Amino acid sequence: MPNCDASHTSVLQVAIAVPLPRLFDYLPAEADSGQDYLPGIRLWVPFGRSRKVGVLVAVQSGSAIERQRLKRVEQAIDTQPLLSTQDLQLLQWASRYYHHPIGEVMLTAFPVQLRHGKMAEFSQAFGYALTQEGERAAETCTRAPKQLALLKRLQAGRQVVTAAELAQDRPLLKVLLQKGWVHRLPVPDNLAFSVDMAPALAPNPAQQQAIDAVSAQLGRFSVFLLQGVTGSGKTEVYMQIMAKVLALGLQVLVLLPEITLTPQLEQRFRQRFATGIVCFHSKLSDGERTRAWLTFQRGQAGIMLGTRSALFTPMPKPGLIILDEEHDSSFKQQDGFRFSARDVAVARGKLLHIPVLLGSATPSLESLFNVRQQRYRLLELPGRAGAAEQPNMQILDIRNHYLQAGLSEGLLQAMRAKLQQGQQVLLFLNRRGYAPVQICHACGWVARCRFCDANLVIHAAENRLRCHHCGASYVLTRQCPACKTGEMRALGAGTERIEQELVALFPEHTVVRLDRDSTQRKGTLETYLQQINAGAADIILGTQMLAKGHHFPNVTLAALLDIDSGLFSIDFRSSEKLAQLIVQVAGRAGRGEQRGTVILQTRHPQHPLLSILLQAGYSAYVEELLNERRQAGLPPYTHHALLRADAKQAAAAQGFLAAVRAWTQQNQLSAVQVLGPVPAPMSRRAGQFRFQLLLQSPNRKALHGLLDRLVQHIDGLEGAKQVHWSLDVDPADLS
DNA sequence: AGCACGCCGACT
DNA sequence: GTCGGCGTGCTC
């Protein structure tokens, strides 16, 4: 074991968060400091003219750098490693796979405070428990329901409930502390992972089969794809498997695509499991994130529930990784270190010898392809649990039909019928704002962004025009700035306009709009969701966020207002995305006793996507898409890496990529196809011209071999300094 | 990425 | 005469 004694020959290999594809060698702090240089500790190191936090990756006996050029470590931050050997291995693998600098990859494993060198020993983890008076109050305090709920939670809990778990209840906790009902005490190091299975439902045969299949593989690497429509009981399967893992004293990492989905799942887990549960996502403060990370890293919580950024949290007692809604594109990081949380989760499971459970109603083509290749095992949950039936899907041909702000008469009729029966209606449109185009009625001039290759979107409530790509915004004018006489008009409809229209059309009904604009303030979304589930909303209108996992038990009609843009996109993944969207929105309708109806407004009722999807179902449609992908030589049958470049001058970005192309043609094997450079689909954004070069190969090894050499030489290529470039391995979209 | 060095315009 | 613009070069 390469450690300590600070011998004269030890060289410390340190990862530092700089965009350079290498580790840096240092000498130990002092010959006799007595520090154990264990890989996985953090260090303060002198770097250039400043000091930085580094992670010790390995201790070697020598260095390729001359001895006298090596600096000494300033100080070790940790006495015990924060990252295990396996964590370091995973991060090194990810750095190589995504061709992203090792230091930046290593430091993304840490929450911000720890990345900046904050001591990890700073706090003994504290938690809370009821005092004797608190126990009494839990029986008598019936007039303050919120306080009572918290008391009950602490009472139901174990000896101590950790501070991180109570993050959301801080203000209330303070009140209880003041009353002397609750006291604060250190969390014991080995918090028992006791499990309460009392409320578990009896699984149906398909659920039982899935539970058994995964349970049989505990302690071994295996990937499962759990496919089940909304309401088929995936969460129950997760929880019953989790219970087995927790009972073994092992930890579970649960990943979700969106923060908005964490509270409801957290609540279900808390009702079910008596183990420590920590959440990790971007809505938490830096301090809360540090506490949650350390709690899990120390093995003091059995469950971590988080988003993509939680993936690398150290897991001292690894048992299981669950990744729900695995098809969701937000698992792919879209900037910097562009990793896929789904693919890295699988790599992590392999490294840790634990099962990985991917779940979705609409699995990605990649995962279904992996099932075909027998790399993943498919577990299917047919049908819906309980009485709910599959919704009735209807195509509504809107050719030559008058649309009132995007709503056809046929749809309005269906809405009236449902509303009269006191049921809820859900309308989906992936376009926020009032209208996507502002045009001059006299001269045809269209308001465009000065910095992007995009139209400005009208936001009527704010009286502004906004660019959805760079954030630029302008006051709305009635008169055309070009011809100075014409009147500006709104063309097309976004959610804001449709909301207005609905309020006018259905004055006796309540409309709730859910999109990024209407839910900006913290907690608004939760308030709306509660309002909807309390039956205080009749028509629910929204964008993307509606399609993701929320329960709306009283919705019996769901409609997609405009699917045509998804049918005719240049992106080869758009038909996959649209099919997923349709099935996901359909999953929002009719979860209760009532059978739901789904209406798709389209001008292409004969489109093969729609007929196959509606008649044969999602799985059959995926088969069709996979055949198309195979014939076209597209992923998952080939592998992609996308080199993007942007610059103030279009010629600089294009020229640089042309130089890269020339370089690849001298250096590559014929196994890699080079396509481009071409302008990006959004050719200008925030004032920068954007170009891209696509590398495609059926042979992943050949592609990665080329990328290895490319990233080494790229900075030396012509024009590299004038552009900003980035490499995206397995890009989720080519924009 | 930081951070410093370096060589040309408008200011107390 | 200086403050400061950001080009480019380096980091064990």
# chains A, B, ... in the order shown; residues from 1 in each chain; ligands from 1

$ residues_around --residues "DG5 of chain C" --least-positions-apart "2" --cutoff "12 Å" --atoms "only C-alpha atoms (C1' of nucleotides)" --output "PyMOL selection string"
(chain B and resi 6-10) or (chain C and resi 3+7)

$ interface_residues --of "chain A" --to "chain B" --cutoff "8 Å" --atoms "only C-alpha atoms (C1' of nucleotides)" --output "PyMOL selection string"
chain A and resi 17-19+48-50

$ interface_residues --of "chain C" --to "chain A" --cutoff "12 Å" --atoms "only C-alpha atoms (C1' of nucleotides)" --output "list in words"
DG7, DT8, DG9, DC10, DT11 and DC12 of chain C

$ write_last_selection --atoms "N, CA and C atoms (P, O5', C5', C4', C3', O3' and C1' of nucleotides)" --output "tab-separated table (two decimals), in the first residue's frame"
chain	number	residue	atom	x	y	z
C	7	DG	P	-7.95	40.71	-26.60
C	7	DG	O5'	-7.16	39.47	-27.25
C	7	DG	C5'	-6.41	39.64	-28.45
C	7	DG	C4'	-4.94	39.37	-28.21
C	7	DG	C3'	-4.56	37.88	-28.24
C	7	DG	O3'	-3.30	37.77	-28.90
C	7	DG	C1'	-3.89	38.83	-26.18
C	8	DT	P	-2.77	36.30	-29.30
C	8	DT	O5'	-1.87	35.94	-28.03
C	8	DT	C5'	-0.48	36.23	-27.98
C	8	DT	C4'	0.14	35.37	-26.89
C	8	DT	C3'	-0.28	33.89	-26.94
C	8	DT	O3'	0.68	33.00	-26.42
C	8	DT	C1'	-0.87	34.79	-24.90
C	9	DG	P	2.05	32.61	-26.96
C	9	DG	O5'	3.07	32.63	-25.73
C	9	DG	C5'	2.80	33.42	-24.56
C	9	DG	C4'	3.23	32.66	-23.32
C	9	DG	C3'	3.30	31.14	-23.46
C	9	DG	O3'	4.19	30.65	-22.46
C	9	DG	C1'	1.53	31.67	-22.01
C	10	DC	P	4.78	29.21	-22.43
C	10	DC	O5'	4.46	28.76	-20.94
C	10	DC	C5'	5.10	29.43	-19.85
C	10	DC	C4'	4.33	29.12	-18.59
C	10	DC	C3'	4.17	27.61	-18.34
C	10	DC	O3'	4.79	27.26	-17.11
C	10	DC	C1'	2.10	28.77	-18.06
C	11	DT	P	5.08	25.72	-16.78
C	11	DT	O5'	4.17	25.53	-15.48
C	11	DT	C5'	4.14	26.54	-14.47
C	11	DT	C4'	2.85	26.40	-13.68
C	11	DT	C3'	2.58	24.98	-13.17
C	11	DT	O3'	2.12	25.04	-11.84
C	11	DT	C1'	0.73	25.77	-14.37
C	12	DC	P	3.10	24.63	-10.63
C	12	DC	O5'	4.31	23.82	-11.22
C	12	DC	C5'	4.25	22.51	-11.51
C	12	DC	C4'	4.05	21.61	-10.30
C	12	DC	C3'	5.28	20.88	-9.81
C	12	DC	O3'	5.07	20.28	-8.54
C	12	DC	C1'	4.04	19.52	-11.28

$ atom_distance --atom1 "atom CA of Gln86 of chain A" --atom2 "atom CA of Leu352 of chain A"
7.3 Å

$ select_by_dssp --residues "segment 112-282 of chain A" --states "strand (DSSP E or B)" --output "PDB file with N, CA and C atoms, in the first residue's frame"
ATOM      1  N   PHE A 126     -25.064  16.069  13.254  1.00  0.00           N
ATOM      2  CA  PHE A 126     -26.054  16.202  14.310  1.00  0.00           C
ATOM      3  C   PHE A 126     -27.427  15.812  13.819  1.00  0.00           C
ATOM      4  N   GLY A 127     -28.222  15.374  14.747  1.00  0.00           N
ATOM      5  CA  GLY A 127     -29.585  15.029  14.400  1.00  0.00           C
ATOM      6  C   GLY A 127     -30.517  15.438  15.522  1.00  0.00           C
ATOM      7  N   TYR A 128     -31.747  15.057  15.417  1.00  0.00           N
ATOM      8  CA  TYR A 128     -32.752  15.496  16.371  1.00  0.00           C
ATOM      9  C   TYR A 128     -33.590  14.323  16.847  1.00  0.00           C
ATOM     10  N   ALA A 129     -34.056  14.423  18.077  1.00  0.00           N
ATOM     11  CA  ALA A 129     -34.939  13.400  18.627  1.00  0.00           C
ATOM     12  C   ALA A 129     -35.905  14.082  19.579  1.00  0.00           C
ATOM     13  N   LEU A 130     -36.997  13.412  19.910  1.00  0.00           N
ATOM     14  CA  LEU A 130     -37.984  13.976  20.823  1.00  0.00           C
ATOM     15  C   LEU A 130     -37.477  13.907  22.263  1.00  0.00           C
ATOM     16  N   VAL A 161     -32.997  11.578  14.001  1.00  0.00           N
ATOM     17  CA  VAL A 161     -33.222  11.917  12.599  1.00  0.00           C
ATOM     18  C   VAL A 161     -32.195  12.965  12.214  1.00  0.00           C
ATOM     19  N   THR A 162     -31.457  12.745  11.137  1.00  0.00           N
ATOM     20  CA  THR A 162     -30.336  13.640  10.821  1.00  0.00           C
ATOM     21  C   THR A 162     -30.807  15.020  10.364  1.00  0.00           C
ATOM     22  N   VAL A 182     -37.934  19.025  21.387  1.00  0.00           N
ATOM     23  CA  VAL A 182     -36.952  18.333  20.562  1.00  0.00           C
ATOM     24  C   VAL A 182     -35.575  18.720  21.063  1.00  0.00           C
ATOM     25  N   HIS A 183     -34.631  17.812  21.068  1.00  0.00           N
ATOM     26  CA  HIS A 183     -33.260  18.195  21.369  1.00  0.00           C
ATOM     27  C   HIS A 183     -32.306  17.665  20.305  1.00  0.00           C
ATOM     28  N   ARG A 184     -31.140  18.313  20.290  1.00  0.00           N
ATOM     29  CA  ARG A 184     -30.167  18.054  19.239  1.00  0.00           C
ATOM     30  C   ARG A 184     -29.099  17.163  19.829  1.00  0.00           C
ATOM     31  N   LEU A 185     -28.702  16.151  19.118  1.00  0.00           N
ATOM     32  CA  LEU A 185     -27.636  15.289  19.623  1.00  0.00           C
ATOM     33  C   LEU A 185     -26.875  14.640  18.473  1.00  0.00           C
ATOM     34  N   PRO A 186     -25.647  14.200  18.754  1.00  0.00           N
ATOM     35  CA  PRO A 186     -24.816  13.665  17.684  1.00  0.00           C
ATOM     36  C   PRO A 186     -25.425  12.397  17.087  1.00  0.00           C
ATOM     37  N   VAL A 195     -35.781  -1.331   8.899  1.00  0.00           N
ATOM     38  CA  VAL A 195     -36.722  -1.213   7.804  1.00  0.00           C
ATOM     39  C   VAL A 195     -38.093  -1.599   8.306  1.00  0.00           C
ATOM     40  N   SER A 222     -25.237  -6.458 -12.477  1.00  0.00           N
ATOM     41  CA  SER A 222     -26.251  -6.870 -13.424  1.00  0.00           C
ATOM     42  C   SER A 222     -27.092  -5.630 -13.706  1.00  0.00           C
ATOM     43  N   VAL A 223     -27.502  -5.437 -14.958  1.00  0.00           N
ATOM     44  CA  VAL A 223     -28.330  -4.265 -15.264  1.00  0.00           C
ATOM     45  C   VAL A 223     -29.724  -4.735 -15.643  1.00  0.00           C
ATOM     46  N   PHE A 224     -30.726  -4.134 -15.005  1.00  0.00           N
ATOM     47  CA  PHE A 224     -32.114  -4.456 -15.283  1.00  0.00           C
ATOM     48  C   PHE A 224     -32.816  -3.233 -15.842  1.00  0.00           C
ATOM     49  N   LEU A 225     -33.667  -3.482 -16.818  1.00  0.00           N
ATOM     50  CA  LEU A 225     -34.490  -2.403 -17.353  1.00  0.00           C
ATOM     51  C   LEU A 225     -35.928  -2.734 -17.001  1.00  0.00           C
ATOM     52  N   LEU A 226     -36.492  -1.958 -16.099  1.00  0.00           N
ATOM     53  CA  LEU A 226     -37.864  -2.184 -15.650  1.00  0.00           C
ATOM     54  C   LEU A 226     -38.789  -1.300 -16.473  1.00  0.00           C
ATOM     55  N   GLN A 227     -39.563  -1.932 -17.351  1.00  0.00           N
ATOM     56  CA  GLN A 227     -40.461  -1.175 -18.213  1.00  0.00           C
ATOM     57  C   GLN A 227     -41.892  -1.363 -17.753  1.00  0.00           C
ATOM     58  N   GLY A 228     -42.538  -0.255 -17.434  1.00  0.00           N
ATOM     59  CA  GLY A 228     -43.930  -0.344 -17.007  1.00  0.00           C
ATOM     60  C   GLY A 228     -44.581   1.005 -17.186  1.00  0.00           C
ATOM     61  N   GLN A 251     -26.338   0.315   1.211  1.00  0.00           N
ATOM     62  CA  GLN A 251     -26.928   1.593   0.811  1.00  0.00           C
ATOM     63  C   GLN A 251     -27.528   1.540  -0.595  1.00  0.00           C
ATOM     64  N   VAL A 252     -28.477   2.449  -0.826  1.00  0.00           N
ATOM     65  CA  VAL A 252     -29.117   2.553  -2.133  1.00  0.00           C
ATOM     66  C   VAL A 252     -28.991   3.992  -2.634  1.00  0.00           C
ATOM     67  N   LEU A 253     -28.558   4.124  -3.882  1.00  0.00           N
ATOM     68  CA  LEU A 253     -28.506   5.434  -4.528  1.00  0.00           C
ATOM     69  C   LEU A 253     -29.639   5.483  -5.540  1.00  0.00           C
ATOM     70  N   VAL A 254     -30.532   6.465  -5.389  1.00  0.00           N
ATOM     71  CA  VAL A 254     -31.682   6.581  -6.285  1.00  0.00           C
ATOM     72  C   VAL A 254     -31.571   7.885  -7.055  1.00  0.00           C
ATOM     73  N   LEU A 255     -31.561   7.794  -8.381  1.00  0.00           N
ATOM     74  CA  LEU A 255     -31.411   8.988  -9.208  1.00  0.00           C
ATOM     75  C   LEU A 255     -32.685   9.268  -9.995  1.00  0.00           C
ATOM     76  N   PHE A 273     -39.479   3.491   4.982  1.00  0.00           N
ATOM     77  CA  PHE A 273     -38.204   3.058   5.539  1.00  0.00           C
ATOM     78  C   PHE A 273     -37.809   3.876   6.747  1.00  0.00           C
ATOM     79  N   ILE A 277     -32.434   9.031   5.235  1.00  0.00           N
ATOM     80  CA  ILE A 277     -32.604   9.331   3.814  1.00  0.00           C
ATOM     81  C   ILE A 277     -32.062  10.728   3.585  1.00  0.00           C
ATOM     82  N   VAL A 278     -31.166  10.887   2.641  1.00  0.00           N
ATOM     83  CA  VAL A 278     -30.705  12.231   2.321  1.00  0.00           C
ATOM     84  C   VAL A 278     -31.010  12.540   0.865  1.00  0.00           C
ATOM     85  N   CYS A 279     -31.311  13.820   0.609  1.00  0.00           N
ATOM     86  CA  CYS A 279     -31.566  14.271  -0.751  1.00  0.00           C
ATOM     87  C   CYS A 279     -30.393  15.103  -1.212  1.00  0.00           C
ATOM     88  N   PHE A 280     -30.141  15.066  -2.500  1.00  0.00           N
ATOM     89  CA  PHE A 280     -29.027  15.834  -3.052  1.00  0.00           C
ATOM     90  C   PHE A 280     -29.425  16.371  -4.415  1.00  0.00           C
TER      91      PHE A 280
END

$ select_by_dssp --residues "segment 126-345 of chain A" --states "alpha helix (DSSP H)" --output "PyMOL selection string"
chain A and resi 132-140+145-156+170-179+205-215+234-247+262-272+286-297+341-345

$ write_last_selection --atoms "C-alpha atoms" --output "JSON list (two decimals), in the first residue's frame"
[["chain", "number", "residue", "atom", "x", "y", "z"],
["A", 132, "GLN", "CA", -39.94, 13.38, 27.04],
["A", 133, "GLU", "CA", -42.14, 16.44, 26.81],
["A", 134, "GLY", "CA", -41.99, 16.03, 23.06],
["A", 135, "GLU", "CA", -43.25, 12.48, 23.36],
["A", 136, "ARG", "CA", -46.18, 13.75, 25.43],
["A", 137, "ALA", "CA", -46.83, 16.60, 23.01],
["A", 138, "ALA", "CA", -46.96, 14.12, 20.12],
["A", 139, "GLU", "CA", -50.09, 12.73, 21.73],
["A", 140, "THR", "CA", -51.73, 15.95, 22.82],
["A", 145, "PRO", "CA", -51.17, 20.02, 12.56],
["A", 146, "LYS", "CA", -47.81, 20.91, 11.02],
["A", 147, "GLN", "CA", -46.01, 20.69, 14.35],
["A", 148, "LEU", "CA", -47.78, 17.46, 15.09],
["A", 149, "ALA", "CA", -46.74, 16.00, 11.75],
["A", 150, "LEU", "CA", -43.11, 16.78, 12.46],
["A", 151, "LEU", "CA", -43.37, 15.37, 15.99],
["A", 152, "LYS", "CA", -44.88, 12.18, 14.60],
["A", 153, "ARG", "CA", -42.09, 11.94, 12.07],
["A", 154, "LEU", "CA", -39.45, 12.22, 14.77],
["A", 155, "GLN", "CA", -41.34, 9.75, 16.90],
["A", 156, "ALA", "CA", -41.69, 7.23, 14.07],
["A", 170, "ARG", "CA", -35.87, 24.02, 9.60],
["A", 171, "PRO", "CA", -38.21, 26.85, 10.69],
["A", 172, "LEU", "CA", -40.64, 24.47, 12.33],
["A", 173, "LEU", "CA", -37.81, 22.55, 13.94],
["A", 174, "LYS", "CA", -36.61, 25.76, 15.53],
["A", 175, "VAL", "CA", -40.01, 26.26, 17.12],
["A", 176, "LEU", "CA", -39.98, 22.75, 18.56],
["A", 177, "LEU", "CA", -36.46, 23.21, 19.89],
["A", 178, "GLN", "CA", -37.54, 26.39, 21.67],
["A", 179, "LYS", "CA", -40.50, 24.61, 23.23],
["A", 205, "PRO", "CA", -47.14, -11.58, -10.24],
["A", 206, "ALA", "CA", -45.22, -9.33, -12.63],
["A", 207, "GLN", "CA", -44.04, -7.11, -9.79],
["A", 208, "GLN", "CA", -43.04, -10.17, -7.79],
["A", 209, "GLN", "CA", -41.08, -11.52, -10.73],
["A", 210, "ALA", "CA", -39.20, -8.24, -11.07],
["A", 211, "ILE", "CA", -38.50, -8.09, -7.35],
["A", 212, "ASP", "CA", -37.21, -11.67, -7.35],
["A", 213, "ALA", "CA", -35.06, -11.18, -10.43],
["A", 214, "VAL", "CA", -33.18, -8.22, -8.98],
["A", 215, "SER", "CA", -33.03, -9.63, -5.47],
["A", 234, "LYS", "CA", -42.65, 0.62, -10.56],
["A", 235, "THR", "CA", -42.13, 2.49, -7.31],
["A", 236, "GLU", "CA", -43.48, -0.42, -5.30],
["A", 237, "VAL", "CA", -40.99, -2.71, -7.05],
["A", 238, "TYR", "CA", -38.18, -0.28, -6.25],
["A", 239, "MET", "CA", -39.17, -0.11, -2.61],
["A", 240, "GLN", "CA", -39.45, -3.85, -2.07],
["A", 241, "ILE", "CA", -36.00, -4.39, -3.58],
["A", 242, "MET", "CA", -34.61, -1.49, -1.58],
["A", 243, "ALA", "CA", -35.99, -3.04, 1.59],
["A", 244, "LYS", "CA", -33.94, -6.18, 0.94],
["A", 245, "VAL", "CA", -30.80, -4.19, 0.25],
["A", 246, "LEU", "CA", -31.25, -2.03, 3.36],
["A", 247, "ALA", "CA", -31.92, -5.08, 5.50],
["A", 262, "THR", "CA", -37.86, 14.27, -5.38],
["A", 263, "PRO", "CA", -40.32, 15.49, -2.68],
["A", 264, "GLN", "CA", -43.07, 12.98, -3.52],
["A", 265, "LEU", "CA", -40.67, 10.05, -3.73],
["A", 266, "GLU", "CA", -38.88, 11.20, -0.58],
["A", 267, "GLN", "CA", -42.18, 11.19, 1.23],
["A", 268, "ARG", "CA", -43.01, 7.66, 0.10],
["A", 269, "PHE", "CA", -39.58, 6.43, 1.16],
["A", 270, "ARG", "CA", -39.92, 8.07, 4.56],
["A", 271, "GLN", "CA", -43.25, 6.44, 5.17],
["A", 272, "ARG", "CA", -41.76, 3.12, 4.26],
["A", 286, "ASP", "CA", -24.25, 24.58, -0.28],
["A", 287, "GLY", "CA", -24.29, 23.67, 3.40],
["A", 288, "GLU", "CA", -27.22, 21.28, 3.02],
["A", 289, "ARG", "CA", -25.51, 19.59, 0.13],
["A", 290, "THR", "CA", -22.27, 19.18, 2.06],
["A", 291, "ARG", "CA", -24.11, 17.62, 4.98],
["A", 292, "ALA", "CA", -26.10, 15.25, 2.79],
["A", 293, "TRP", "CA", -22.97, 14.19, 0.90],
["A", 294, "LEU", "CA", -20.95, 13.58, 4.06],
["A", 295, "THR", "CA", -23.81, 11.75, 5.75],
["A", 296, "PHE", "CA", -24.01, 9.29, 2.88],
["A", 297, "GLN", "CA", -20.23, 9.15, 2.49],
["A", 341, "ALA", "CA", -25.59, 9.70, -15.49],
["A", 342, "ARG", "CA", -27.30, 6.60, -16.85],
["A", 343, "ASP", "CA", -24.21, 5.24, -18.57],
["A", 344, "VAL", "CA", -21.87, 6.15, -15.71],
["A", 345, "ALA", "CA", -24.30, 4.55, -13.23]]

$ residues_around --residues "Gly410 of chain A" --least-positions-apart "3" --cutoff "10 Å" --atoms "only C-alpha atoms (C1' of nucleotides)" --output "PyMOL selection string"
chain A and resi 396-398+401+403+407+413-415+599+601

$ write_last_selection --atoms "C-alpha atoms" --output "PDB file, in the first residue's frame"
ATOM      1  CA  LEU A 396     -57.672  14.755 -34.165  1.00  0.00           C
ATOM      2  CA  ASP A 397     -57.122  15.883 -37.759  1.00  0.00           C
ATOM      3  CA  ILE A 398     -56.971  19.671 -37.675  1.00  0.00           C
ATOM      4  CA  HIS A 401     -60.015  23.478 -39.122  1.00  0.00           C
ATOM      5  CA  LEU A 403     -57.993  26.977 -34.398  1.00  0.00           C
ATOM      6  CA  LEU A 407     -57.427  24.775 -29.871  1.00  0.00           C
ATOM      7  CA  GLN A 413     -66.084  19.956 -27.377  1.00  0.00           C
ATOM      8  CA  ALA A 414     -64.254  17.104 -25.685  1.00  0.00           C
ATOM      9  CA  MET A 415     -63.077  19.517 -22.991  1.00  0.00           C
ATOM     10  CA  ILE A 599     -56.208  13.646 -28.000  1.00  0.00           C
ATOM     11  CA  GLN A 601     -53.969  17.472 -32.628  1.00  0.00           C
TER      12      GLN A 601
END

$ atom_distance --atom1 "atom CA of His100 of chain A" --atom2 "atom CA of Val729 of chain A"
9.7 Å

$ atom_distance --atom1 "atom CA of Ile303 of chain A" --atom2 "atom CA of Arg348 of chain A"
16.6 Å

$ residues_around --residues "Leu426 of chain A" --least-positions-apart "2" --cutoff "6 Å" --atoms "only C-alpha atoms (C1' of nucleotides)" --output "ChimeraX atom specification"
/A:539-541,558

$ residues_around --residues "Leu642 of chain A" --least-positions-apart "5" --cutoff "6 Å" --atoms "only C-alpha atoms (C1' of nucleotides)" --output "compact mmCIF listing (two decimals) with N, CA and C atoms, in the first residue's frame"
# COMPACT_ATOMS: atom_id res chain seq x y z
N LEU A 693 -18.49 19.37 -35.80
CA LEU A 693 -17.90 18.30 -36.58
C LEU A 693 -18.33 16.99 -35.92
N LEU A 694 -18.96 16.13 -36.72
CA LEU A 694 -19.46 14.87 -36.15
C LEU A 694 -18.54 13.72 -36.51
N LEU A 727 -15.85 18.87 -26.57
CA LEU A 727 -16.08 17.55 -27.15
C LEU A 727 -17.22 16.89 -26.39
N ASP A 728 -18.18 16.36 -27.14
CA ASP A 728 -19.34 15.71 -26.52
C ASP A 728 -19.37 14.25 -26.98
